[in-house]
$ cat model.txt   # compact mmCIF, C-alpha atoms
# COMPACT_ATOMS: atom_id res chain seq x y z
CA MET A 72 51.10 109.98 121.15
CA ASN A 73 53.12 112.19 123.49
CA THR A 74 55.64 115.02 123.37
CA THR A 75 58.41 112.71 122.12
CA ASN A 76 56.47 112.38 118.83
CA ASP A 77 55.85 116.13 118.44
CA PRO A 78 56.92 116.96 114.86
CA ALA A 79 58.03 120.43 115.95
CA ARG A 80 60.52 119.03 118.45
CA ARG A 81 64.16 119.80 117.58
CA SER A 82 67.53 118.65 118.88
CA TRP A 83 70.80 120.47 119.55
CA VAL A 84 72.35 117.71 117.41
CA GLU A 85 71.84 119.69 114.21
CA SER A 86 71.95 116.70 111.85
CA ALA A 87 68.86 115.31 113.63
CA ASN A 88 66.86 118.29 112.31
CA ASP A 89 67.59 117.47 108.66
CA PRO A 90 64.24 116.55 107.03
CA GLY A 91 65.89 113.62 105.23
CA THR A 92 67.54 111.99 108.23
CA ASP A 93 66.49 108.52 109.33
CA PHE A 94 67.07 109.47 112.94
CA PRO A 95 65.36 112.67 114.12
CA ILE A 96 64.73 113.22 117.82
CA GLN A 97 61.27 111.68 117.28
CA ASN A 98 62.87 108.30 116.47
CA LEU A 99 65.59 107.42 119.03
CA PRO A 100 66.18 103.78 118.01
CA PHE A 101 68.42 101.48 120.03
CA GLY A 102 71.44 99.57 118.78
CA LEU A 103 74.72 98.01 119.90
CA PHE A 104 78.08 99.40 118.82
CA THR A 105 81.80 99.47 119.44
CA ARG A 106 84.11 102.44 118.99
CA GLY A 107 87.19 100.44 118.03
CA GLU A 108 88.69 96.97 117.72
CA GLY A 109 88.63 95.09 121.01
CA ASP A 110 86.05 97.37 122.63
CA THR A 111 83.17 95.89 124.59
CA PRO A 112 79.86 96.51 122.80
CA ARG A 113 77.71 99.29 124.23
CA ILE A 114 74.07 100.25 123.86
CA GLY A 115 73.64 103.34 121.75
CA VAL A 116 70.79 105.50 120.47
CA ALA A 117 70.91 106.96 116.97
CA ILE A 118 70.39 110.72 116.74
CA GLY A 119 71.05 112.34 113.38
CA ASP A 120 74.53 111.34 112.23
CA GLN A 121 75.62 110.51 115.78
CA VAL A 122 75.33 107.64 118.24
CA LEU A 123 74.55 108.53 121.85
CA ASP A 124 76.58 106.22 124.10
CA CYS A 125 74.16 105.08 126.83
CA HIS A 126 76.93 103.47 128.89
CA GLU A 127 78.83 106.75 129.03
CA LEU A 128 75.65 108.70 129.69
CA VAL A 129 74.87 106.54 132.72
CA ALA A 130 78.48 106.53 133.97
CA ARG A 131 78.50 110.33 133.97
CA GLY A 132 75.20 110.56 135.83
CA LEU A 133 73.51 112.33 132.93
CA LEU A 134 70.53 110.02 132.54
CA GLY A 135 68.67 111.49 135.48
CA SER A 136 68.82 111.00 139.21
CA ASP A 137 65.36 109.43 139.33
CA ALA A 138 66.24 106.54 137.03
CA PRO A 139 66.04 103.25 139.00
CA ALA A 140 69.26 101.30 139.40
CA ARG A 141 67.99 98.44 137.25
CA VAL A 142 67.33 100.88 134.40
CA ARG A 143 70.84 102.32 134.67
CA ASP A 144 72.31 98.82 134.86
CA ALA A 145 70.31 97.69 131.82
CA LEU A 146 71.50 100.63 129.72
CA GLY A 147 75.08 99.97 130.78
CA ALA A 148 74.92 96.31 129.75
CA PRO A 149 76.75 94.97 126.66
CA ARG A 150 73.50 93.95 124.97
CA LEU A 151 69.89 95.11 124.87
CA ASN A 152 68.18 92.12 126.50
CA ASP A 153 68.06 93.48 130.07
CA PHE A 154 66.55 96.73 128.84
CA LEU A 155 63.98 94.82 126.78
CA ALA A 156 62.97 92.87 129.89
CA LEU A 157 62.13 96.08 131.81
CA GLY A 158 58.83 96.59 130.06
CA ARG A 159 56.80 99.32 128.44
CA ASP A 160 56.65 101.80 131.34
CA HIS A 161 60.42 101.89 131.72
CA TRP A 162 60.93 102.06 127.94
CA HIS A 163 58.70 105.12 127.88
CA GLU A 164 60.46 106.76 130.84
CA VAL A 165 63.87 106.30 129.22
CA ARG A 166 62.57 107.60 125.89
CA VAL A 167 61.19 110.73 127.56
CA GLU A 168 64.47 111.28 129.42
CA LEU A 169 66.61 110.82 126.29
CA SER A 170 64.33 113.12 124.30
CA ALA A 171 64.72 115.76 127.02
CA ILE A 172 68.52 115.42 127.15
CA LEU A 173 68.75 115.84 123.37
CA HIS A 174 66.18 118.65 123.09
CA GLU A 175 67.53 121.91 121.68
CA ASP A 176 66.64 123.89 124.83
CA THR A 177 68.23 121.49 127.32
CA PRO A 178 71.68 122.50 128.64
CA GLY A 179 73.89 119.91 130.34
CA LEU A 180 75.23 117.63 127.66
CA ARG A 181 74.61 120.30 125.03
CA ASP A 182 76.90 122.79 126.77
CA ASP A 183 79.59 120.43 128.07
CA ALA A 184 82.12 119.91 125.29
CA GLY A 185 83.98 117.17 127.18
CA ALA A 186 80.82 115.22 127.93
CA ARG A 187 79.63 115.59 124.34
CA ALA A 188 82.91 114.22 123.02
CA ALA A 189 82.61 111.24 125.37
CA CYS A 190 78.91 110.53 124.83
CA LEU A 191 78.52 111.16 121.09
CA VAL A 192 80.20 109.02 118.44
CA PRO A 193 79.85 109.77 114.71
CA ARG A 194 77.81 106.93 113.22
CA GLU A 195 80.36 106.49 110.45
CA LEU A 196 82.96 105.59 113.09
CA ALA A 197 80.75 103.16 115.02
CA THR A 198 80.84 99.45 114.25
CA MET A 199 77.36 98.02 114.65
CA HIS A 200 76.46 94.62 116.10
CA LEU A 201 73.24 92.68 116.59
CA PRO A 202 71.50 94.73 119.31
CA MET A 203 70.44 91.77 121.43
CA GLU A 204 71.20 88.12 121.99
CA VAL A 205 68.46 86.35 120.06
CA GLY A 206 67.45 83.11 121.74
CA ASP A 207 64.72 82.19 119.28
CA TYR A 208 63.65 83.39 115.87
CA THR A 209 60.42 82.60 114.00
CA ASP A 210 59.51 83.62 110.47
CA PHE A 211 55.89 83.98 109.41
CA TYR A 212 54.22 84.00 106.01
CA ALA A 213 51.83 86.89 106.52
CA SER A 214 51.40 88.43 103.05
CA LEU A 215 48.35 87.27 101.14
CA HIS A 216 49.84 88.51 97.87
CA HIS A 217 53.15 86.69 98.43
CA ALA A 218 51.46 83.46 99.51
CA THR A 219 49.11 83.57 96.53
CA ASN A 220 51.92 84.30 94.06
CA ILE A 221 54.12 81.50 95.36
CA GLY A 222 51.18 79.11 95.47
CA SER A 223 50.27 80.00 91.89
CA MET A 224 53.75 78.99 90.72
CA PHE A 225 53.81 75.61 92.40
CA ARG A 226 50.10 74.79 92.84
CA PRO A 227 48.25 76.69 90.10
CA ASP A 228 45.00 74.84 90.78
CA ASN A 229 45.16 75.44 94.54
CA PRO A 230 47.46 78.42 95.24
CA LEU A 231 46.28 79.21 98.78
CA LEU A 232 46.02 76.28 101.18
CA PRO A 233 42.82 76.02 103.28
CA ASN A 234 44.44 76.96 106.60
CA TRP A 235 46.18 80.14 105.41
CA LYS A 236 43.37 82.63 106.14
CA ASN A 237 42.58 80.99 109.47
CA LEU A 238 45.95 81.30 111.18
CA PRO A 239 49.34 83.00 110.73
CA VAL A 240 51.56 80.34 109.18
CA GLY A 241 55.19 80.30 110.27
CA TYR A 242 58.30 78.20 110.80
CA HIS A 243 61.04 78.15 113.42
CA GLY A 244 64.18 79.80 112.03
CA ARG A 245 67.82 79.58 112.99
CA ALA A 246 68.83 82.30 115.45
CA SER A 247 72.52 81.39 115.17
CA SER A 248 72.68 82.64 111.57
CA LEU A 249 71.17 86.08 112.21
CA VAL A 250 73.70 88.74 111.18
CA VAL A 251 73.77 92.52 111.26
CA SER A 252 73.61 94.70 108.16
CA GLY A 253 76.91 94.79 106.29
CA ALA A 254 77.94 91.24 107.11
CA PRO A 255 78.91 89.38 103.91
CA ILE A 256 76.75 86.44 102.83
CA THR A 257 78.58 83.37 101.52
CA ARG A 258 76.69 81.52 98.79
CA PRO A 259 75.62 78.27 100.46
CA MET A 260 76.05 74.72 99.29
CA GLY A 261 72.99 72.52 99.11
CA GLN A 262 71.29 69.39 97.85
CA THR A 263 69.16 70.15 94.80
CA VAL A 264 67.49 68.39 91.90
CA PRO A 265 68.61 69.87 88.56
CA ALA A 266 65.38 68.85 86.77
CA ASP A 267 62.20 67.02 87.62
CA GLY A 268 62.94 63.32 87.81
CA ALA A 269 66.71 63.73 87.92
CA ASP A 270 68.89 62.45 90.73
CA PRO A 271 69.81 64.95 93.45
CA VAL A 272 73.24 66.60 93.47
CA PHE A 273 75.20 68.60 96.03
CA GLY A 274 76.89 71.88 95.14
CA PRO A 275 76.64 75.68 95.20
CA VAL A 276 73.05 76.89 95.12
CA LYS A 277 72.12 78.56 91.84
CA LEU A 278 68.81 80.21 92.75
CA LEU A 279 69.90 82.50 95.59
CA ASP A 280 67.22 85.03 96.54
CA TYR A 281 66.45 87.75 99.05
CA GLU A 282 63.19 88.28 100.93
CA LEU A 283 62.06 91.74 102.00
CA GLU A 284 60.73 91.44 105.55
CA VAL A 285 59.95 93.31 108.75
CA ALA A 286 61.10 91.89 112.10
CA PHE A 287 59.71 92.44 115.58
CA VAL A 288 61.66 92.39 118.84
CA VAL A 289 60.11 90.88 121.96
CA GLY A 290 60.37 92.58 125.35
CA PRO A 291 58.97 90.87 128.46
CA GLY A 292 58.03 87.31 127.60
CA ASN A 293 55.61 84.77 129.01
CA GLU A 294 56.01 81.66 131.14
CA LEU A 295 55.78 78.19 129.66
CA GLY A 296 52.10 77.24 129.47
CA ARG A 297 50.79 80.83 129.55
CA ARG A 298 49.48 82.63 126.48
CA ILE A 299 49.91 86.29 125.54
CA PRO A 300 46.45 87.69 124.76
CA ILE A 301 46.32 89.70 121.55
CA GLU A 302 45.18 92.82 123.37
CA GLU A 303 48.37 92.72 125.48
CA ALA A 304 50.72 92.55 122.48
CA ARG A 305 51.92 96.15 122.89
CA THR A 306 53.23 95.38 126.39
CA HIS A 307 55.36 92.53 125.00
CA LEU A 308 56.67 94.10 121.79
CA PHE A 309 59.48 96.64 121.95
CA GLY A 310 60.19 97.57 118.37
CA VAL A 311 60.73 96.93 114.69
CA MET A 312 63.72 96.16 112.44
CA LEU A 313 64.20 95.52 108.73
CA MET A 314 65.13 92.01 107.63
CA ASN A 315 66.42 90.09 104.62
CA ASP A 316 65.63 86.38 104.82
CA TRP A 317 68.18 85.06 102.30
CA SER A 318 66.75 82.00 100.56
CA ALA A 319 68.12 79.19 98.38
CA ARG A 320 65.15 78.54 96.11
CA ASP A 321 66.55 75.41 94.45
CA VAL A 322 67.19 73.85 97.86
CA GLN A 323 63.76 74.98 99.04
CA LYS A 324 61.97 73.39 96.10
CA TRP A 325 63.53 69.98 96.84
CA GLU A 326 63.28 69.96 100.63
CA TYR A 327 60.09 71.86 101.52
CA GLN A 328 57.79 68.85 101.46
CA PRO A 329 56.71 67.54 103.89
CA LEU A 330 58.04 69.81 106.67
CA GLY A 331 58.79 73.17 105.04
CA PRO A 332 61.90 75.42 105.12
CA PHE A 333 65.12 74.02 106.53
CA ASN A 334 68.54 74.38 104.85
CA ALA A 335 67.07 76.72 102.24
CA LYS A 336 66.80 79.43 104.90
CA ASN A 337 69.16 78.57 107.76
CA PHE A 338 72.45 79.90 106.34
CA ALA A 339 71.94 83.67 106.85
CA THR A 340 69.32 86.25 107.78
CA THR A 341 70.29 89.93 107.83
CA LEU A 342 68.83 92.44 110.30
CA SER A 343 69.18 96.21 110.30
CA PRO A 344 71.29 97.46 113.25
CA TRP A 345 68.68 99.71 114.86
CA VAL A 346 65.49 98.72 116.73
CA VAL A 347 62.90 101.43 116.18
CA PRO A 348 60.58 101.54 119.23
CA LEU A 349 56.87 101.04 118.62
CA GLU A 350 56.35 104.30 120.48
CA ALA A 351 58.23 106.14 117.72
CA LEU A 352 55.88 104.58 115.15
CA GLU A 353 52.63 105.67 116.78
CA PRO A 354 52.03 108.53 114.30
CA PHE A 355 52.11 105.94 111.51
CA MET A 356 49.93 103.25 113.04
CA ILE A 357 46.83 102.34 111.05
CA PRO A 358 43.91 99.98 111.71
CA GLY A 359 44.59 96.30 111.19
CA PRO A 360 43.76 94.89 107.74
CA ARG A 361 40.11 94.44 106.87
CA ARG A 362 38.90 91.00 105.88
CA ALA A 363 37.05 90.42 102.65
CA ASP A 364 33.39 89.46 102.92
CA ASP A 365 34.10 85.87 101.95
CA ASP A 366 37.11 85.48 104.28
CA PRO A 367 36.69 83.34 107.39
CA ALA A 368 36.15 85.32 110.59
CA ASN A 369 39.09 85.40 112.97
CA LEU A 370 38.75 83.23 116.04
CA ASP A 371 38.46 85.15 119.31
CA TYR A 372 42.13 84.79 120.27
CA LEU A 373 43.10 86.51 116.99
CA THR A 374 40.52 89.29 117.29
CA TRP A 375 41.23 92.73 118.79
CA ALA A 376 39.15 95.80 118.02
CA ASP A 377 42.20 98.06 118.43
CA ASP A 378 44.63 95.96 116.41
CA PHE A 379 47.02 97.93 114.26
CA GLY A 380 49.34 97.90 111.30
CA VAL A 381 52.11 100.32 110.35
CA ASP A 382 52.33 102.49 107.24
CA LEU A 383 55.95 101.56 106.49
CA THR A 384 57.35 101.99 102.98
CA LEU A 385 60.08 99.51 102.03
CA THR A 386 62.48 99.44 99.10
CA VAL A 387 64.90 96.89 97.65
CA GLU A 388 67.85 97.80 95.45
CA ILE A 389 70.55 95.64 93.87
CA SER A 390 74.09 96.72 93.02
CA SER A 391 76.45 94.47 91.10
CA ALA A 392 80.18 94.43 91.80
CA ARG A 393 80.76 96.22 88.49
CA MET A 394 78.26 98.93 89.40
CA ARG A 395 80.05 99.61 92.67
CA GLU A 396 83.43 99.69 90.94
CA THR A 397 82.20 102.28 88.43
CA GLY A 398 80.22 104.34 90.93
CA THR A 399 76.88 103.45 89.32
CA ALA A 400 73.85 103.90 91.56
CA PRO A 401 72.02 100.74 92.67
CA THR A 402 68.98 99.64 90.66
CA LEU A 403 65.59 99.90 92.36
CA VAL A 404 63.96 96.47 92.19
CA SER A 405 60.80 96.87 94.23
CA THR A 406 58.89 99.21 96.55
CA GLY A 407 56.35 97.80 98.96
CA ASN A 408 54.48 98.71 102.12
CA TYR A 409 54.04 96.74 105.32
CA SER A 410 50.40 97.86 105.44
CA ASP A 411 49.67 95.29 102.70
CA MET A 412 50.13 92.39 105.14
CA TYR A 413 47.16 90.14 105.95
CA TRP A 414 48.23 89.25 109.50
CA THR A 415 49.37 91.80 112.08
CA MET A 416 52.32 91.58 114.47
CA SER A 417 49.83 91.27 117.35
CA GLN A 418 48.11 88.31 115.71
CA MET A 419 51.46 86.65 115.01
CA LEU A 420 52.50 87.01 118.65
CA ALA A 421 49.13 85.82 119.97
CA HIS A 422 49.15 82.79 117.70
CA HIS A 423 52.80 81.97 118.45
CA THR A 424 52.06 81.81 122.17
CA SER A 425 48.56 80.31 121.87
CA THR A 426 49.93 76.90 122.82
CA GLY A 427 51.77 78.32 125.83
CA CYS A 428 55.05 78.63 123.91
CA PRO A 429 57.33 80.90 125.98
CA MET A 430 58.86 84.04 124.52
CA ASN A 431 61.92 85.70 126.04
CA PRO A 432 63.37 89.22 125.90
CA GLY A 433 65.32 89.58 122.67
CA ASP A 434 63.42 86.93 120.73
CA VAL A 435 62.64 87.91 117.15
CA PHE A 436 59.79 87.02 114.85
CA ALA A 437 59.28 88.31 111.33
CA SER A 438 56.51 89.03 108.86
CA GLY A 439 57.59 86.92 105.94
CA THR A 440 58.02 88.48 102.50
CA VAL A 441 56.26 91.83 102.13
CA SER A 442 54.53 91.92 98.74
CA GLY A 443 51.72 93.96 97.26
CA VAL A 444 49.38 93.69 94.31
CA GLU A 445 51.56 95.30 91.64
CA GLU A 446 54.55 93.57 90.08
CA SER A 447 56.80 96.39 91.28
CA THR A 448 55.80 95.65 94.91
CA ARG A 449 56.82 91.99 94.95
CA GLY A 450 59.35 91.43 97.73
CA CYS A 451 61.67 88.72 96.34
CA LEU A 452 63.22 87.76 93.01
CA LEU A 453 61.22 84.54 92.85
CA GLU A 454 58.09 86.69 92.54
CA ARG A 455 59.64 89.70 90.85
CA THR A 456 61.00 87.64 87.94
CA TRP A 457 58.27 84.98 88.19
CA ARG A 458 60.67 82.04 88.69
CA GLY A 459 63.18 83.63 86.32
CA GLN A 460 60.81 83.93 83.36
CA ASN A 461 60.93 87.76 83.43
CA PRO A 462 64.46 88.79 84.42
CA ILE A 463 65.17 92.32 85.60
CA THR A 464 67.89 94.48 84.04
CA LEU A 465 70.38 96.28 86.28
CA ALA A 466 71.91 99.66 85.50
CA ASP A 467 75.06 97.99 84.14
CA GLY A 468 73.01 96.19 81.49
CA THR A 469 73.21 92.73 83.06
CA GLU A 470 70.12 90.68 83.78
CA ARG A 471 69.09 89.02 87.01
CA LYS A 472 66.80 86.06 87.50
CA PHE A 473 68.42 85.33 90.85
CA LEU A 474 71.40 86.79 92.72
CA GLN A 475 74.93 86.48 91.37
CA ASP A 476 78.21 86.54 93.29
CA GLY A 477 79.22 90.11 94.08
CA ASP A 478 75.64 91.39 94.14
CA GLU A 479 74.73 93.64 97.04
CA VAL A 480 71.10 93.72 98.21
CA LEU A 481 70.16 97.00 99.88
CA ILE A 482 66.92 97.18 101.87
CA SER A 483 65.64 100.40 103.38
CA GLY A 484 62.45 101.59 105.00
CA CYS A 485 60.80 104.71 106.33
CA CYS A 486 57.52 106.02 107.70
CA GLU A 487 56.26 109.32 106.31
CA ARG A 488 53.03 111.27 106.49
CA GLU A 489 51.95 114.88 106.58
CA GLY A 490 52.15 116.34 110.07
CA ALA A 491 54.81 113.92 111.37
CA ARG A 492 58.60 113.68 111.21
CA ARG A 493 60.01 111.06 108.90
CA ILE A 494 61.19 107.95 110.75
CA GLY A 495 63.84 105.76 109.10
CA PHE A 496 65.29 102.38 109.97
CA GLY A 497 68.85 102.50 108.67
CA PRO A 498 70.36 100.01 106.21
CA CYS A 499 69.76 96.30 105.86
CA ASN A 500 72.48 95.37 103.36
CA GLY A 501 74.54 92.35 102.41
CA VAL A 502 76.98 91.36 99.64
CA VAL A 503 76.98 87.83 98.19
CA LEU A 504 80.40 86.14 98.31
CA PRO A 505 81.40 83.17 96.14
CA VAL A 506 80.99 79.80 97.76
CA HIS A 507 84.75 79.25 98.17
CA GLU A 508 85.21 82.42 100.21
CA THR A 509 84.69 82.41 103.96
CA VAL A 510 83.22 85.08 106.17
CA PRO A 511 85.96 86.81 108.20
CA ALA A 512 86.01 85.92 111.91
$ encode --input "model.txt" --output "structure tokens"
Amino acid sequence: MNTTNDPARRSWVESANDPGTDFPIQNLPFGLFTRGEGDTPRIGVAIGDQVLDCHELVARGLLGSDAPARVRDALGAPRLNDFLALGRDHWHEVRVELSAILHEDTPGLRDDAGARAACLVPRELATMHLPMEVGDYTDFYASLHHATNIGSMFRPDNPLLPNWKNLPVGYHGRASSLVVSGAPITRPMGQTVPADGADPVFGPVKLLDYELEVAFVVGPGNELGRRIPIEEARTHLFGVMLMNDWSARDVQKWEYQPLGPFNAKNFATTLSPWVVPLEALEPFMIPGPRRADDDPANLDYLTWADDFGVDLTLTVEISSARMRETGTAPTLVSTGNYSDMYWTMSQMLAHHTSTGCPMNPGDVFASGTVSGVEESTRGCLLERTWRGQNPITLADGTERKFLQDGDEVLISGCCEREGARRIGFGPCNGVVLPVHETVPA
């Protein structure tokens, strides 16, 4: 850790010093925003209830005279990819510089009212966009508890397949359907089988679900044919986002054999708008998960003595349309922790590239559903209601086996521990629209 993680560090942006904020000066996550309709997206950094406009900061020469031209150009770009490509040393230098600019004892921007008005935008007035252009997206299946629960439902005699503890299982997702938090989710159509042995039909999916996940953003990639060793994962991973992998369970049940997820998961995946740098999460890093005595030993390419997890608490809430109309608070559905995962982000990256598969700046891969041991920690409705056998009751008295039209799923996450400032991730929310409605252009 370094001075940017110092819990005593304070900002002249007073809202960043609020103990409950997601975005203290120790966080400094990156996102992409516009100020108004028709504006070109700009890279911003969240600080308290404000967004620091990096484009404006660079244009006014406030970033620092020592910043290389390619760093200034990358921060002035209309997406995050060029900055991601710069690598860990430059990420750190920019973080240190931004932390200094925003520090309570630093004049300059603090004391220049005109510059502050140009460089700071209230978050409530900023429209957020996906921070980077995502070329490729892969979803893993890294929770032992989730994999065992799902396997128990469909293969009670053999819930965990033989390969699962030997390698991080994943599938190639659909980058084109990644959306930012707040984007509405239209209920998809799909081919399903109403009952075992019945003929398939096509229509609106009935078993719409969410999946609580954590996503990882790739920085510098690797060339085709070259692997990323597990011990070099930190140099290739920029940061972390929250994710909801919307899933059509009735479609999934019919299509998943023999090749796995396809249309059941390609219609929408929601990401939170802010990428929290790994450097901001260093106070919350913990050793990688321990293997049980009877688990197979990891092969060398998946073994790293300094591998790490993150103590990241995650929550899922659901709010029906009626609840929002009456001002009723959302219902807490589950609370989990990313530390419960069996496979680490480093292992997922090392395995993904073990064949020489190239990664590029802005690529995303995700953890799969985050679930724990207790029923209250299960990260999707399929698990939480056990295939609908144990429905949950919302605050308006209605029951849910799976999501209904008008439901809003709200995912949040934060890292907290004694002796460190709380680090939040911002919202990862989406409202389900009826199948006949279309998402606005």
$ residues_around --input "model.txt" --residues "Asn76 (chain A)" --least-positions-apart "6" --cutoff "10 Å" --atoms "all atoms listed in the file" --output "VMD selection string"
chain A and resid 96 to 98 170 350 to 354 491 to 492
$ closest_residue --input "model.txt" --among "A:Arg181, A:Arg471, A:Arg113, A:Arg80" --to "Met203 (chain A)" --atoms "all atoms listed in the file"
A:Arg113
$ residues_around --input "model.txt" --residues "region 139-145 of chain A" --least-positions-apart "3" --cutoff "6 Å" --atoms "all atoms listed in the file" --output "MDAnalysis selection string"
chainID A and resid 148 153:154
$ residues_around --input "model.txt" --residues "Ala79 (chain A)" --least-positions-apart "2" --cutoff "12 Å" --atoms "all atoms listed in the file" --output "list of chain:residue names"
A:Thr74, A:Thr75, A:Asn76, A:Asp77, A:Arg81, A:Ser82, A:Asn88, A:Pro90, A:Pro95, A:Ile96, A:Gln97, A:His174, A:Glu175, A:Gly490, A:Ala491, A:Arg492, A:Arg493
$ write_last_selection --input "model.txt" --atoms "C-alpha atoms" --output "tab-separated table (two decimals), in the frame of the given file"
chain	number	residue	atom	x	y	z
A	74	THR	CA	55.64	115.02	123.37
A	75	THR	CA	58.41	112.71	122.12
A	76	ASN	CA	56.47	112.38	118.83
A	77	ASP	CA	55.85	116.13	118.44
A	81	ARG	CA	64.16	119.80	117.58
A	82	SER	CA	67.53	118.65	118.88
A	88	ASN	CA	66.86	118.29	112.31
A	90	PRO	CA	64.24	116.55	107.03
A	95	PRO	CA	65.36	112.67	114.12
A	96	ILE	CA	64.73	113.22	117.82
A	97	GLN	CA	61.27	111.68	117.28
A	174	HIS	CA	66.18	118.65	123.09
A	175	GLU	CA	67.53	121.91	121.68
A	490	GLY	CA	52.15	116.34	110.07
A	491	ALA	CA	54.81	113.92	111.37
A	492	ARG	CA	58.60	113.68	111.21
A	493	ARG	CA	60.01	111.06	108.90
$ residues_around --input "model.txt" --residues "Thr426 (chain A)" --least-positions-apart "3" --cutoff "8 Å" --atoms "all atoms listed in the file" --output "PyMOL selection string"
chain A and resi 296-298+422-423
$ residues_around --input "model.txt" --residues "Val404 (chain A)" --least-positions-apart "2" --cutoff "10 Å" --atoms "only C-alpha atoms" --output "list in words"
Thr386, Val387, Glu388, Ile389, Pro401, Thr402, Thr406, Ser447, Thr448, Arg449, Gly450, Cys451, Leu452, Arg455, Ile463, Thr464, Leu465, Val480 and Leu481 of chain A
$ atom_distance --input "model.txt" --atom1 "CA of Ile357 (chain A)" --atom2 "CA of Cys428 (chain A)"
28.2 Å
$ closest_residue --input "model.txt" --among "A:Ala138, A:Ile482, A:Met312, A:Leu173" --to "Leu283 (chain A)" --atoms "only C-alpha atoms"
A:Ile482
$ atom_distance --input "model.txt" --atom1 "CA of Glu195 (chain A)" --atom2 "CA of Thr397 (chain A)"
22.5 Å
$ build_atoms --input "model.txt" --residues "region 467-482 of chain A" --atoms "N, CA and C atoms" --output "PDB file, in the frame of the given file"
ATOM      1  N   ASP A 467      73.872  98.305  84.931  1.00  0.00           N
ATOM      2  CA  ASP A 467      75.060  97.990  84.140  1.00  0.00           C
ATOM      3  C   ASP A 467      74.731  97.149  82.906  1.00  0.00           C
ATOM      4  N   GLY A 468      73.433  96.928  82.671  1.00  0.00           N
ATOM      5  CA  GLY A 468      73.010  96.190  81.490  1.00  0.00           C
ATOM      6  C   GLY A 468      72.888  94.694  81.679  1.00  0.00           C
ATOM      7  N   THR A 469      73.316  94.170  82.822  1.00  0.00           N
ATOM      8  CA  THR A 469      73.210  92.730  83.060  1.00  0.00           C
ATOM      9  C   THR A 469      71.827  92.384  83.592  1.00  0.00           C
ATOM     10  N   GLU A 470      71.431  91.146  83.353  1.00  0.00           N
ATOM     11  CA  GLU A 470      70.120  90.680  83.780  1.00  0.00           C
ATOM     12  C   GLU A 470      70.230  89.839  85.045  1.00  0.00           C
ATOM     13  N   ARG A 471      69.150  89.846  85.813  1.00  0.00           N
ATOM     14  CA  ARG A 471      69.090  89.020  87.010  1.00  0.00           C
ATOM     15  C   ARG A 471      67.770  88.246  87.056  1.00  0.00           C
ATOM     16  N   LYS A 472      67.925  86.917  87.127  1.00  0.00           N
ATOM     17  CA  LYS A 472      66.800  86.060  87.500  1.00  0.00           C
ATOM     18  C   LYS A 472      66.881  85.774  88.988  1.00  0.00           C
ATOM     19  N   PHE A 473      68.121  85.489  89.434  1.00  0.00           N
ATOM     20  CA  PHE A 473      68.420  85.330  90.850  1.00  0.00           C
ATOM     21  C   PHE A 473      69.773  85.999  91.106  1.00  0.00           C
ATOM     22  N   LEU A 474      70.221  86.021  92.342  1.00  0.00           N
ATOM     23  CA  LEU A 474      71.400  86.790  92.720  1.00  0.00           C
ATOM     24  C   LEU A 474      72.685  86.122  92.238  1.00  0.00           C
ATOM     25  N   GLN A 475      73.623  86.949  91.789  1.00  0.00           N
ATOM     26  CA  GLN A 475      74.930  86.480  91.370  1.00  0.00           C
ATOM     27  C   GLN A 475      75.972  86.869  92.415  1.00  0.00           C
ATOM     28  N   ASP A 476      77.110  86.191  92.390  1.00  0.00           N
ATOM     29  CA  ASP A 476      78.210  86.540  93.290  1.00  0.00           C
ATOM     30  C   ASP A 476      78.598  88.004  93.071  1.00  0.00           C
ATOM     31  N   GLY A 477      78.862  88.700  94.161  1.00  0.00           N
ATOM     32  CA  GLY A 477      79.220  90.110  94.080  1.00  0.00           C
ATOM     33  C   GLY A 477      78.043  91.046  94.186  1.00  0.00           C
ATOM     34  N   ASP A 478      76.823  90.536  94.025  1.00  0.00           N
ATOM     35  CA  ASP A 478      75.640  91.390  94.140  1.00  0.00           C
ATOM     36  C   ASP A 478      75.464  91.860  95.586  1.00  0.00           C
ATOM     37  N   GLU A 479      75.100  93.114  95.729  1.00  0.00           N
ATOM     38  CA  GLU A 479      74.730  93.640  97.040  1.00  0.00           C
ATOM     39  C   GLU A 479      73.233  93.946  97.028  1.00  0.00           C
ATOM     40  N   VAL A 480      72.523  93.434  98.034  1.00  0.00           N
ATOM     41  CA  VAL A 480      71.100  93.720  98.210  1.00  0.00           C
ATOM     42  C   VAL A 480      70.983  94.780  99.293  1.00  0.00           C
ATOM     43  N   LEU A 481      70.303  95.880  98.959  1.00  0.00           N
ATOM     44  CA  LEU A 481      70.160  97.000  99.880  1.00  0.00           C
ATOM     45  C   LEU A 481      68.677  97.213 100.183  1.00  0.00           C
ATOM     46  N   ILE A 482      68.300  96.999 101.428  1.00  0.00           N
ATOM     47  CA  ILE A 482      66.920  97.180 101.870  1.00  0.00           C
ATOM     48  C   ILE A 482      66.849  98.403 102.772  1.00  0.00           C
TER      49      ILE A 482
END
